[in-house]
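**Student:** Pasting a structure here, questions to come.
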Amino acid sequence: MKILHVITSLYTGGAEKLVVDLVPRLLAMGHEVGVAVFNAETTPLMKRLECECPECRIYKLGKSFYNPLYIYLLIPIMCRYDVIHTHNSSPQLYAAIANVFCRKKLITTEHNTSNRKRGNRLLAVIDRWMYGRYHQIICISCQAEQNLRDYLSSRQQVLKRICTIYNGVDVEAIHKASPLEKSAPQKFLVVMVAAYRPQKDHVTLIRAMKRLPTEKFEAWLVGDGECQHDIEQFIRQQGMDTQVKMLGMRTDVPRILKTADVIVMSTHYEGMSLSNIEGMAAGKPFVASNVEGIREVTEGFGVLFSHGNDASLAEILQRLHDDNKFYLQVAARCYERAKQFDIMKMVDGYNNVYLKLLSNEA
């Protein structure tokens, strides 16, 4: 089977990580796989894909996320494949338009519980047309699926094509990773792996760190993105330069997670965070905002704090530092939870969808 993934970029992010993790496993199953990237700037994930999967053809379309010219460029590329699998808003729309001329099987993954288009009447009309062009819509959490069903409630035929496949990670590879050497081994290390985007809430973590003793706590922020300058500026304004360190985009995330004492995901909304599962897979306590998507995976295993409440987050981090019994209980629960989201369950789920579509059973 010939499968083409279409995505905005290979910067830091759950969708980007999913594609780079999925491609080599689909190749190992005997499929021919290509990836069309809108903003094709070189990133660590791009380099990883090129290095690990030389047989995967990468179509580098340009340097922006929303150039309508990509619709024209996609048509001849899509015609070479059996299944077109899109990720993120502009690829979803542009591939749907291009497919008017290609007539291929279209699949998309819905990576969030919501987006800005759903609150805009004009964009919502276009959005609903777009979803109607897809043969299968895959959500990454039950909450994301429910929200999408509510949004598309008037489109009964489309509702039949929606399902959920949870994101997955290589749990054992993360759990067995070797930790890095801490620059300040006496400090309790808090790590957050997340793109610097408006969706994420780095500010709440930074404010929480300011409430904690500088000599006892340190935070590492791993990622890149459009809000990087704003976050750097906020850290300086808060006088937190020595306590909160920005590590940029890294290829050794499993080692960083194993180095951490606690993994945090502070966010405004989420589909289902890969960083969530990766943090749990490291066997460390996972602490996250109590928002849709995150709650579905974390509740009862990790620790949730009220969205945007830096005082609550600081209190939880302090307790994990002070109460070793509580720390070990949370860490053990998180690791057991992560095992339920092994990456091969995700890969098998997607492969079954591809096969079903091509056998005309969908």
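The chains in the structure tokens are called A, B, ... from first to last as shown; in each chain the residues are counted from 1, and the ligands are counted from 1 in the order shown.
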Tell me which protein, DNA and RNA residues are within 10 Å of Arg250 of chain A, counting only C-alpha atoms, leaving out same-chain ones fewer than 2 positions away, and put them as a PyMOL selection string.
**Tutor:** chain A and resi 12+43-45+193+222-224+247-248+252-254+256
**Student:** If we count only C-alpha atoms, what is near segment 115-124 of chain A at a cut-off of 12 Å, once residues fewer than 3 positions away on the same chain are taken out, given as a list in words?
**Tutor:**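 Answer for this query is Asn88, Ser89, Ser90, Leu93, Glu110, His111, Asn112, Asp127, Arg128, Trp129, Met130, Tyr131, Ala144, Asn147, Leu148, Asp150, Tyr151, Leu152, Pro198, Gln199, His268, Tyr269, Glu270 and Gly271 of chain A.
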**Student:** Calculated over only C-alpha atoms, which of the candidates A:Ala219, A:Ile97, A:Ile277, A:Ala15 has the smallest distance to Lys187 of chain A?
**Tutor:**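 Nearest to Lys187 of chain A: A:Ala219.
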**Student:** Taking only C-alpha atoms into account, which of A:Lys160, A:His321, A:His31, A:Lys284 comes nearest Lys258 of chain A?
**Tutor:**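 Nearest candidate to Lys258 of chain A out of A:Lys160, A:His321, A:His31, A:Lys284: A:Lys284.
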**Student:** Near segment 4-7 of chain A, within 6 Å and counting only C-alpha atoms, which residues show up once chain neighbours fewer than 2 positions away are dropped, as a PDB file with C-alpha atoms, in the first residue's frame?
**Tutor:**
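Below you can see part00.pdb, which holds the result:
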```pdb
ATOM      1  CA  SER A   9       6.032  21.070   9.398  1.00  0.00           C
ATOM      2  CA  VAL A  33       5.349   5.838   2.655  1.00  0.00           C
ATOM      3  CA  GLY A  34       5.864   9.461   1.713  1.00  0.00           C
ATOM      4  CA  VAL A  35       5.591  12.694   3.713  1.00  0.00           C
ATOM      5  CA  ALA A  36       4.589  16.066   2.240  1.00  0.00           C
ATOM      6  CA  VAL A  37       5.716  18.952   4.454  1.00  0.00           C
ATOM      7  CA  ILE A  84      -3.670  10.340   1.937  1.00  0.00           C
ATOM      8  CA  HIS A  85      -3.366  10.925   5.693  1.00  0.00           C
ATOM      9  CA  THR A  86      -3.427  14.572   6.835  1.00  0.00           C
ATOM     10  CA  HIS A  87      -2.501  16.297  10.093  1.00  0.00           C
ATOM     11  CA  PRO A  91      -3.096  20.204   5.274  1.00  0.00           C
TER      12      PRO A  91
END
```
